[in-house]
Structures are given as C-alpha cells and as structure tokens.
Amino acid sequence: MNKINILISLFIAVLLLSSCREIKVDTIVNKDGSFTRIVTITGDSSDVFKSGLPYPIDLSWEMDFHKDTTSEKEYILTYTKTYNSDASLNKELDDDTSWRENLARKIEIKKNFGFFYSYIVYKETIGAANPFTLLNYKDYLSNEDMLWLTGKKLALNSLDSANIKQADDKAEEYLQESLTEEIIAILKSGVEKLNNPTLNVGLIDKYRDSIAEKVGDWGFNNTDEFVGYLAKLANNTEIFKINEIAQTQFKSLDKKGELLLKIFEMEDYTVSAELPGLIASTNSLSIKGNKVQWNVNTMSFLFEDYSMIAESRVINIWMFIITGIVILALVVTTIIKSGKI
C-alpha cells in the first residue's frame with residue numbers, strides 16, 4: 001500500500017492533476033434505440049495507445065489512427081462500434097477484466113412510445129466505489145460539499161474555489177478516519193479471537209489516537225504493520241499473535257487500498273450523448289442542441305452513484321398521418337350516413 005500512502009497524502013494534488021492525453025466517449029443514439037459508441041483519444045504518439053481506457057476495447061471495434069492536423073505533436077486514435085441494444089454493451093462491461101471490473105456500471109438506452117411522440121432515454125450509471133464504508137461519508141460531507149466534489153456545481157469565483165478546497169479537505173479526513181476505523185475493527189476482532197486474559201478491546205480504544213495519527217502520517221506499507229505498532233505501544237508481545245489469525249482481513253483491507261489507488265490514478269474523461277429529436281430533460285450542465293456532455297473524474301463516483309441521464313422527444317410523423325386518415329375517414333363516414341352525399 002506504499003503507493004496509496006503517498007497518493008492520499010497528496011489528495012488534493014491528485015484531483016488537480018491533468019492527464020497528458022484527452023479521452024472522449026461519444027454515444028450517437030438512433031431513433032430505433034440502436035447506437036454507435038466512439039472512443040477518441042488525443043495525445044502524443046505514445047500516450048494515445050496507453051492502457052487504462054474507461055471502457056473495454058477489443059478487435060470488434062473499428063480503429064482509426066491519424067495525426068492531428070491542428071497540432072504538430074498530437075495524434076488522434078479513434079475506436080468505433082455500433083450496438084443494436086444496450087444489452088450487448090452491458091455484457092462487455094460485465095466481462096471487463098481491468099480494475100474497473102470492481103465498479104458497478106450500467107448503460108440503459110431505450111425508446112418509450114408516447115402516441116404522437118416517442119421518448120429516447122440515455123442513462124449511464126457508475127456505482128459508488130469507495131471501499132471504506134464503516135463510517136458514513138454523510139457525517140463528514142454535506143450535500144453542498146458533494147456538489148463541489150462531483151462537479152455538479154462549478155466554481156465561478158475565488159470563493160467557490162475555496163469551497164472546493166474545503167470539500168477536498170473533508171474528503172481526505174473522511175478517508176483517513178475510515179481507514180483508521182477499518183484497522184481498529186480488525187485489531188479488536190483479533191483480540192476477541194485470541195481470548196487472552198491479558199488483552200481486551202479497551203486496550204485498542206486507549207491507543208486509538210496514536211493509531212489514527214500513524215494512519216494520517218501514511219508511514220506504512222501494509223496494514224498488518226499496525227499489529228506490531230500496537231504491541232509496541234502497549235508493551236505486550238502477546239498482541240503479535242493477532243497476525244496469525246487476522247492475515248486474511250488485513251490482506252482484504254490492503255486490496256481495498258489498492259482499489260482506491262486505481263480510482264485515484266484514473267484519468268479524467270468526458271462522456272457525451274447525441275440523441276435524436278429535442279432534449280426534453282437531462283442532468284447535464286453542458287447542452288448543445290441535441291447533444292449533452294458530462295465530465296467524469298475520481299470524485300464523480302467515489303462516494304455516491306454517478307448517473308448521466310438525458311431524454312429526448314421525437315415526433316412520430318406516421319402517427320399524425322394515421323390519425324389524420326382516421327379522422328378524415330370518420331368525417332366522410334358521418335357525412336355519408338347523414339345523407340349529405
């Protein structure tokens with residue numbers, strides 16, 4: 001966990017780091033509910049082919065690679081694939097073998113018939129990914145903090161920037177205290193299983209502040225090091241026996257830390273959806289005609305599910321024609337029956 005120790009201690013800096021390549025994911029939805037997915041990577045010749053794309057890409061995608069005519073250094077790599085339904089794309093997400101297999105991702109594209117109009121719905125959701133859940137993040141982060149962190153509220157002045165900085169600090173505090181709580185829970189469980197009369201869980205509570213301080217310093221490589229740290233604080237070698245019965249729990253906790261590291265290392269990217277007809281509703285802050293866009297970064301889905309939703313309205317011209325024919329037929333029938341013809 002040495003990498004995550006450094007990374008979380010520089011939490012704010014990580015959030016502000018920009019990638020050396022730009023990743024865009026565009027979805028062009030057709031009236032029948034089929035759609036084309038386009039993943040575009042812009043950067044230098046080595047960056048564009050790096051791994052770590054937000055969606056799995058295989059040989060079934062069409063690839064195009066060419067130099068950006070507007071830049072001497074940058075290149076553009078594009079992957080394109082057309083789907084008949086969202087089920088196929090969701091299957092690919094389920095089969096993803098990258099670290100993102102740990103994320104709960106789902107895409108929904110459907111057409112709802114409404115007589116004179118049809119409604120096309122685009123919804124993409126990334127489930128909350130925070131692996132440390134013993135503490136409730138809502139006790140640390142307000143609703144407004146979450147708006148700043150997830151980008152649902154944008155900074156317009158220096159005061160807004162200060163609010164974002166404050167929200168970042170709260171998020172860092174929450175993650176540190178959450179990890180502390182996870183470590184303490186394992187230590188207490190270990191003490192109880194040892195059933196040693198010289199040890200009790202109150203001993204761990206006694207040194208809770210010291211354990212929390214060590215977590216805050218990020219001066220450890222693996223969480224099982226806290227067994228030795230507690231033994232030293234309490235001057236009791238019996239505590240070392242916790243390692244014998246809690247290795248599985250500590251390894252599981254280390255894996256949680258590794259997942260958090262992957263999330264922090266994730267490159268920011270944009271997701272856009274181009275829908276037929278007129279945009280009727282969306283939670284996007286960026287709307288241009290019938291195209292909407294969202295920015296996805298680490299904080300977008302760390303604490304809460306992140307949903308990108310848009311709905312458009314398409315006129316069913318054929319329904320107007322049929323209705324007109326039916327009305328005309330009824331009028332003609334009425335006239336005939338009245339004997340006026």
# chains A, B, ... in the order shown; residues from 1 in each chain; ligands from 1

$ closest_atom_pairs --of "range 165-209 of chain A" --to "range 295-308 of chain A" --cutoff "12 Å" --atoms "only C-alpha atoms" --output "tab-separated table"
residue	atom	partner	partner_atom	distance
A:Ala167	CA	A:Met299	CA	10.9
A:Asp168	CA	A:Met299	CA	9.5
A:Ala171	CA	A:Phe303	CA	9.4
A:Glu172	CA	A:Met299	CA	11.5
A:Tyr174	CA	A:Phe303	CA	10.7
A:Leu175	CA	A:Phe303	CA	10.4

$ residues_around --residues "Ala280 in chain A" --least-positions-apart "5" --cutoff "9 Å" --atoms "only C-alpha atoms" --output "compact mmCIF listing (two decimals) with C-alpha atoms, in the first residue's frame"
# COMPACT_ATOMS: atom_id res chain seq x y z
CA TYR A 119 -39.05 9.39 -25.92
CA ALA A 310 -30.78 12.53 -20.85
CA GLU A 311 -34.15 12.15 -22.55
CA SER A 312 -35.20 13.43 -25.96
CA ARG A 313 -38.56 13.71 -27.69

$ closest_residue --among "A:Thr133, A:Ser60, A:Asn84, A:Thr150" --to "Glu177 in chain A" --atoms "only C-alpha atoms"
A:Thr133

$ residues_around --residues "Thr80 in chain A" --least-positions-apart "6" --cutoff "7 Å" --atoms "only C-alpha atoms" --output "PyMOL selection string"
chain A and resi 37-39+61-63

$ select_by_dssp --residues "range 122-160 of chain A" --states "alpha helix (DSSP H)" --output "ChimeraX atom specification"
/A:143-150,158-160
